[in-house]
>>> print(open('input-v5.pdb').read())   # PDB, C-alpha atoms, pLDDT in the B column
MODEL        1
ATOM      1  CA  MET A 254    -101.323 -54.853  60.280  1.00 51.00           C
ATOM      2  CA  MET A 255    -101.410 -56.142  56.686  1.00 58.00           C
ATOM      3  CA  THR A 256     -98.401 -55.349  54.560  1.00 60.00           C
ATOM      4  CA  THR A 257     -97.333 -56.471  51.120  1.00 65.00           C
ATOM      5  CA  PRO A 258     -94.405 -58.885  50.825  1.00 63.00           C
ATOM      6  CA  ILE A 259     -92.258 -56.118  49.411  1.00 69.00           C
ATOM      7  CA  LEU A 260     -92.787 -53.829  52.372  1.00 66.00           C
ATOM      8  CA  ARG A 261     -92.268 -56.451  55.064  1.00 66.00           C
ATOM      9  CA  PRO A 262     -89.077 -55.977  57.017  1.00 65.00           C
ATOM     10  CA  THR A 263     -86.454 -58.437  55.938  1.00 65.00           C
ATOM     11  CA  GLU A 264     -84.893 -60.732  58.440  1.00 69.00           C
ATOM     12  CA  ALA A 265     -81.207 -60.229  59.077  1.00 67.00           C
ATOM     13  CA  LEU A 266     -79.054 -62.948  57.585  1.00 65.00           C
ATOM     14  CA  SER A 267     -77.145 -65.111  59.972  1.00 74.00           C
ATOM     15  CA  PRO A 268     -73.371 -65.172  59.512  1.00 71.00           C
ATOM     16  CA  GLU A 269     -73.643 -68.648  57.969  1.00 75.00           C
ATOM     17  CA  ASP A 270     -76.205 -67.462  55.398  1.00 76.00           C
ATOM     18  CA  GLY A 271     -74.081 -64.437  54.579  1.00 77.00           C
ATOM     19  CA  ALA A 272     -71.035 -66.616  54.046  1.00 83.00           C
ATOM     20  CA  SER A 273     -72.873 -68.984  51.731  1.00 88.00           C
ATOM     21  CA  THR A 274     -74.248 -66.046  49.745  1.00 89.00           C
ATOM     22  CA  ALA A 275     -70.749 -64.617  49.403  1.00 89.00           C
ATOM     23  CA  LEU A 276     -69.415 -68.012  48.332  1.00 92.00           C
ATOM     24  CA  ILE A 277     -72.091 -68.308  45.627  1.00 94.00           C
ATOM     25  CA  ALA A 278     -71.261 -64.797  44.403  1.00 94.00           C
ATOM     26  CA  VAL A 279     -67.545 -65.637  44.232  1.00 95.00           C
ATOM     27  CA  VAL A 280     -68.190 -68.855  42.283  1.00 96.00           C
ATOM     28  CA  ILE A 281     -70.448 -67.055  39.796  1.00 97.00           C
ATOM     29  CA  THR A 282     -67.844 -64.305  39.352  1.00 97.00           C
ATOM     30  CA  VAL A 283     -65.016 -66.800  38.778  1.00 98.00           C
ATOM     31  CA  VAL A 284     -67.062 -68.740  36.207  1.00 98.00           C
ATOM     32  CA  PHE A 285     -68.002 -65.529  34.389  1.00 98.00           C
ATOM     33  CA  LEU A 286     -64.403 -64.273  34.287  1.00 98.00           C
ATOM     34  CA  THR A 287     -63.169 -67.674  33.081  1.00 98.00           C
ATOM     35  CA  LEU A 288     -65.700 -67.756  30.237  1.00 98.00           C
ATOM     36  CA  LEU A 289     -64.880 -64.166  29.308  1.00 98.00           C
ATOM     37  CA  SER A 290     -61.137 -64.836  29.207  1.00 98.00           C
ATOM     38  CA  VAL A 291     -61.628 -67.985  27.095  1.00 98.00           C
ATOM     39  CA  MET A 292     -63.789 -66.055  24.633  1.00 98.00           C
ATOM     40  CA  ILE A 293     -61.122 -63.327  24.374  1.00 97.00           C
ATOM     41  CA  LEU A 294     -58.380 -65.924  23.801  1.00 97.00           C
ATOM     42  CA  ILE A 295     -60.430 -67.638  21.079  1.00 96.00           C
ATOM     43  CA  PHE A 296     -61.087 -64.280  19.404  1.00 95.00           C
ATOM     44  CA  PHE A 297     -57.391 -63.359  19.339  1.00 94.00           C
ATOM     45  CA  TYR A 298     -56.409 -66.835  18.102  1.00 92.00           C
ATOM     46  CA  LEU A 299     -58.913 -66.693  15.244  1.00 89.00           C
ATOM     47  CA  TYR A 300     -57.911 -63.123  14.376  1.00 89.00           C
ATOM     48  CA  LYS A 301     -54.208 -63.994  14.360  1.00 88.00           C
ATOM     49  CA  ASN A 302     -54.645 -67.073  12.156  1.00 83.00           C
ATOM     50  CA  LYS A 303     -57.106 -65.529   9.749  1.00 82.00           C
ATOM     51  CA  GLY A 304     -56.485 -66.742   6.206  1.00 73.00           C
ATOM     52  CA  SER A 305     -53.323 -68.675   6.945  1.00 64.00           C
ATOM     53  CA  TYR A 306     -54.432 -71.950   5.398  1.00 68.00           C
ATOM     54  CA  VAL A 307     -52.922 -73.410   2.219  1.00 70.00           C
ATOM     55  CA  THR A 308     -54.952 -74.942  -0.574  1.00 72.00           C
ATOM     56  CA  TYR A 309     -53.472 -77.136  -3.238  1.00 72.00           C
ATOM     57  CA  GLU A 310     -55.826 -75.970  -5.966  1.00 71.00           C
ATOM     58  CA  PRO A 311     -54.178 -74.824  -9.180  1.00 64.00           C
ATOM     59  CA  THR A 312     -54.219 -71.130  -9.941  1.00 66.00           C
ATOM     60  CA  GLU A 313     -56.331 -69.879 -12.808  1.00 67.00           C
ATOM     61  CA  GLY A 314     -53.351 -69.667 -15.183  1.00 61.00           C
ATOM     62  CA  GLU A 315     -52.291 -73.280 -14.704  1.00 58.00           C
ATOM     63  CA  PRO A 316     -54.172 -76.121 -16.399  1.00 55.00           C
ATOM     64  CA  SER A 317     -55.642 -78.541 -13.957  1.00 56.00           C
ATOM     65  CA  ALA A 318     -54.521 -82.152 -13.703  1.00 54.00           C
ATOM     66  CA  ILE A 319     -57.978 -83.367 -14.718  1.00 56.00           C
ATOM     67  CA  VAL A 320     -57.867 -81.432 -17.975  1.00 56.00           C
ATOM     68  CA  GLN A 321     -54.369 -82.785 -18.680  1.00 57.00           C
ATOM     69  CA  MET A 322     -55.515 -86.344 -18.108  1.00 57.00           C
ATOM     70  CA  GLU A 323     -58.511 -85.868 -20.373  1.00 56.00           C
ATOM     71  CA  SER A 324     -56.295 -84.435 -23.095  1.00 57.00           C
ATOM     72  CA  ASP A 325     -53.916 -87.415 -22.761  1.00 54.00           C
ATOM     73  CA  LEU A 326     -56.822 -89.820 -23.184  1.00 55.00           C
ATOM     74  CA  ALA A 327     -58.114 -87.870 -26.147  1.00 54.00           C
ATOM     75  CA  LYS A 328     -54.713 -88.178 -27.880  1.00 57.00           C
ATOM     76  CA  GLY A 329     -55.117 -91.931 -27.920  1.00 55.00           C
ATOM     77  CA  THR A 330     -52.292 -92.787 -25.556  1.00 56.00           C
ATOM     78  CA  GLU A 331     -52.962 -95.994 -23.780  1.00 63.00           C
ATOM     79  CA  LYS A 332     -53.333 -95.871 -20.013  1.00 65.00           C
ATOM     80  CA  GLU A 333     -50.869 -98.037 -18.148  1.00 71.00           C
ATOM     81  CA  GLU A 334     -52.128-100.074 -15.254  1.00 73.00           C
ATOM     82  CA  TYR A 335     -50.029-101.043 -12.277  1.00 75.00           C
ATOM     83  CA  PHE A 336     -51.102-103.835  -9.951  1.00 72.00           C
ATOM     84  CA  ILE A 337     -49.814-103.606  -6.441  1.00 72.00           C
TER      85      ILE A 337
ENDMDL
END
>>> encode(input="input-v5.pdb", output="structure tokens")
Amino acid sequence: MMTTPILRPTEALSPEDGASTALIAVVITVVFLTLLSVMILIFFYLYKNKGSYVTYEPTEGEPSAIVQMESDLAKGTEKEEYFI
């Protein structure tokens, strides 16, 4: 009798095949849970440290060092050179 591959009766797995299938399932589950926990830890770390960096740029009210140097040069003061 001709049957399609879907309707054919499946062969029972031997205990060794069942054990290897279970082992593969456990490994996949452990890898998935490890990746998920790492992603959660990264998310919390980034959320906790959001915006906590320090920049050394002058605020808008303070004149910048470049402008001060240019104004010193414009005044005619001579630049001193130091040789190390």
>>> atom_distance(input="input-v5.pdb", atom1="atom CA of A:Val284", atom2="atom CA of A:Asp270")
21.3 Å
>>> atom_distance(input="input-v5.pdb", atom1="atom CA of A:Phe285", atom2="atom CA of A:Leu299")
21.2 Å
>>> atom_distance(input="input-v5.pdb", atom1="atom CA of A:Ser290", atom2="atom CA of A:Gly271")
28.5 Å
>>> build_atoms(input="input-v5.pdb", residues="stretch 284-295 of chain A", atoms="all heavy atoms", output="PDB file, in the frame of the given file")
ATOM      1  N   VAL A 284     -66.593 -68.084  37.424  1.00 98.00           N
ATOM      2  CA  VAL A 284     -67.062 -68.740  36.207  1.00 98.00           C
ATOM      3  C   VAL A 284     -67.227 -67.717  35.093  1.00 98.00           C
ATOM      4  O   VAL A 284     -66.820 -67.949  33.945  1.00 98.00           O
ATOM      5  CB  VAL A 284     -68.380 -69.501  36.467  1.00 98.00           C
ATOM      6  CG1 VAL A 284     -69.040 -69.941  35.173  1.00 98.00           C
ATOM      7  CG2 VAL A 284     -68.128 -70.700  37.367  1.00 98.00           C
ATOM      8  N   PHE A 285     -67.810 -66.573  35.398  1.00 98.00           N
ATOM      9  CA  PHE A 285     -68.002 -65.529  34.389  1.00 98.00           C
ATOM     10  C   PHE A 285     -66.663 -65.025  33.851  1.00 98.00           C
ATOM     11  O   PHE A 285     -66.485 -64.884  32.646  1.00 98.00           O
ATOM     12  CB  PHE A 285     -68.803 -64.365  34.986  1.00 98.00           C
ATOM     13  CG  PHE A 285     -68.960 -63.216  34.043  1.00 98.00           C
ATOM     14  CD1 PHE A 285     -69.826 -63.290  32.973  1.00 98.00           C
ATOM     15  CD2 PHE A 285     -68.204 -62.063  34.212  1.00 98.00           C
ATOM     16  CE1 PHE A 285     -69.969 -62.237  32.085  1.00 98.00           C
ATOM     17  CE2 PHE A 285     -68.334 -61.001  33.342  1.00 98.00           C
ATOM     18  CZ  PHE A 285     -69.221 -61.083  32.274  1.00 98.00           C
ATOM     19  N   LEU A 286     -65.711 -64.762  34.736  1.00 98.00           N
ATOM     20  CA  LEU A 286     -64.403 -64.273  34.287  1.00 98.00           C
ATOM     21  C   LEU A 286     -63.654 -65.333  33.476  1.00 98.00           C
ATOM     22  O   LEU A 286     -62.967 -65.001  32.510  1.00 98.00           O
ATOM     23  CB  LEU A 286     -63.569 -63.828  35.486  1.00 98.00           C
ATOM     24  CG  LEU A 286     -64.054 -62.549  36.182  1.00 98.00           C
ATOM     25  CD1 LEU A 286     -63.211 -62.263  37.417  1.00 98.00           C
ATOM     26  CD2 LEU A 286     -64.029 -61.379  35.226  1.00 98.00           C
ATOM     27  N   THR A 287     -63.806 -66.598  33.844  1.00 98.00           N
ATOM     28  CA  THR A 287     -63.169 -67.674  33.081  1.00 98.00           C
ATOM     29  C   THR A 287     -63.751 -67.758  31.675  1.00 98.00           C
ATOM     30  O   THR A 287     -63.005 -67.843  30.692  1.00 98.00           O
ATOM     31  CB  THR A 287     -63.345 -69.023  33.805  1.00 98.00           C
ATOM     32  OG1 THR A 287     -62.799 -68.917  35.119  1.00 98.00           O
ATOM     33  CG2 THR A 287     -62.667 -70.146  33.046  1.00 98.00           C
ATOM     34  N   LEU A 288     -65.064 -67.726  31.560  1.00 98.00           N
ATOM     35  CA  LEU A 288     -65.700 -67.756  30.237  1.00 98.00           C
ATOM     36  C   LEU A 288     -65.315 -66.543  29.397  1.00 98.00           C
ATOM     37  O   LEU A 288     -65.059 -66.666  28.199  1.00 98.00           O
ATOM     38  CB  LEU A 288     -67.215 -67.839  30.387  1.00 98.00           C
ATOM     39  CG  LEU A 288     -67.764 -69.164  30.898  1.00 98.00           C
ATOM     40  CD1 LEU A 288     -69.267 -69.063  31.113  1.00 98.00           C
ATOM     41  CD2 LEU A 288     -67.438 -70.282  29.945  1.00 98.00           C
ATOM     42  N   LEU A 289     -65.256 -65.381  30.028  1.00 98.00           N
ATOM     43  CA  LEU A 289     -64.880 -64.166  29.308  1.00 98.00           C
ATOM     44  C   LEU A 289     -63.445 -64.249  28.802  1.00 98.00           C
ATOM     45  O   LEU A 289     -63.165 -63.911  27.646  1.00 98.00           O
ATOM     46  CB  LEU A 289     -65.056 -62.945  30.217  1.00 98.00           C
ATOM     47  CG  LEU A 289     -64.784 -61.587  29.590  1.00 98.00           C
ATOM     48  CD1 LEU A 289     -65.801 -61.310  28.487  1.00 98.00           C
ATOM     49  CD2 LEU A 289     -64.819 -60.511  30.644  1.00 98.00           C
ATOM     50  N   SER A 290     -62.540 -64.734  29.638  1.00 98.00           N
ATOM     51  CA  SER A 290     -61.137 -64.836  29.207  1.00 98.00           C
ATOM     52  C   SER A 290     -60.971 -65.878  28.102  1.00 98.00           C
ATOM     53  O   SER A 290     -60.187 -65.679  27.174  1.00 98.00           O
ATOM     54  CB  SER A 290     -60.233 -65.147  30.395  1.00 98.00           C
ATOM     55  OG  SER A 290     -60.576 -66.398  30.953  1.00 98.00           O
ATOM     56  N   VAL A 291     -61.703 -66.980  28.157  1.00 98.00           N
ATOM     57  CA  VAL A 291     -61.628 -67.985  27.095  1.00 98.00           C
ATOM     58  C   VAL A 291     -62.160 -67.411  25.785  1.00 98.00           C
ATOM     59  O   VAL A 291     -61.576 -67.632  24.721  1.00 98.00           O
ATOM     60  CB  VAL A 291     -62.391 -69.269  27.505  1.00 98.00           C
ATOM     61  CG1 VAL A 291     -62.610 -70.193  26.316  1.00 98.00           C
ATOM     62  CG2 VAL A 291     -61.652 -69.991  28.614  1.00 98.00           C
ATOM     63  N   MET A 292     -63.245 -66.674  25.846  1.00 98.00           N
ATOM     64  CA  MET A 292     -63.789 -66.055  24.633  1.00 98.00           C
ATOM     65  C   MET A 292     -62.794 -65.062  24.031  1.00 98.00           C
ATOM     66  O   MET A 292     -62.631 -65.005  22.812  1.00 98.00           O
ATOM     67  CB  MET A 292     -65.114 -65.353  24.943  1.00 98.00           C
ATOM     68  CG  MET A 292     -66.234 -66.297  25.301  1.00 98.00           C
ATOM     69  SD  MET A 292     -66.703 -67.391  23.959  1.00 98.00           S
ATOM     70  CE  MET A 292     -67.409 -66.237  22.833  1.00 98.00           C
ATOM     71  N   ILE A 293     -62.112 -64.291  24.865  1.00 97.00           N
ATOM     72  CA  ILE A 293     -61.122 -63.327  24.374  1.00 97.00           C
ATOM     73  C   ILE A 293     -59.946 -64.064  23.743  1.00 97.00           C
ATOM     74  O   ILE A 293     -59.456 -63.675  22.675  1.00 97.00           O
ATOM     75  CB  ILE A 293     -60.669 -62.398  25.516  1.00 97.00           C
ATOM     76  CG1 ILE A 293     -61.813 -61.449  25.895  1.00 97.00           C
ATOM     77  CG2 ILE A 293     -59.428 -61.610  25.132  1.00 97.00           C
ATOM     78  CD1 ILE A 293     -61.558 -60.630  27.132  1.00 97.00           C
ATOM     79  N   LEU A 294     -59.482 -65.147  24.366  1.00 97.00           N
ATOM     80  CA  LEU A 294     -58.380 -65.924  23.801  1.00 97.00           C
ATOM     81  C   LEU A 294     -58.763 -66.544  22.457  1.00 97.00           C
ATOM     82  O   LEU A 294     -57.966 -66.540  21.518  1.00 97.00           O
ATOM     83  CB  LEU A 294     -57.952 -67.016  24.777  1.00 97.00           C
ATOM     84  CG  LEU A 294     -57.168 -66.536  25.990  1.00 97.00           C
ATOM     85  CD1 LEU A 294     -56.932 -67.708  26.952  1.00 97.00           C
ATOM     86  CD2 LEU A 294     -55.855 -65.911  25.582  1.00 97.00           C
ATOM     87  N   ILE A 295     -59.969 -67.068  22.352  1.00 96.00           N
ATOM     88  CA  ILE A 295     -60.430 -67.638  21.079  1.00 96.00           C
ATOM     89  C   ILE A 295     -60.500 -66.557  20.010  1.00 96.00           C
ATOM     90  O   ILE A 295     -60.093 -66.778  18.865  1.00 96.00           O
ATOM     91  CB  ILE A 295     -61.787 -68.336  21.269  1.00 96.00           C
ATOM     92  CG1 ILE A 295     -61.612 -69.612  22.078  1.00 96.00           C
ATOM     93  CG2 ILE A 295     -62.456 -68.638  19.927  1.00 96.00           C
ATOM     94  CD1 ILE A 295     -62.912 -70.274  22.467  1.00 96.00           C
TER      95      ILE A 295
END
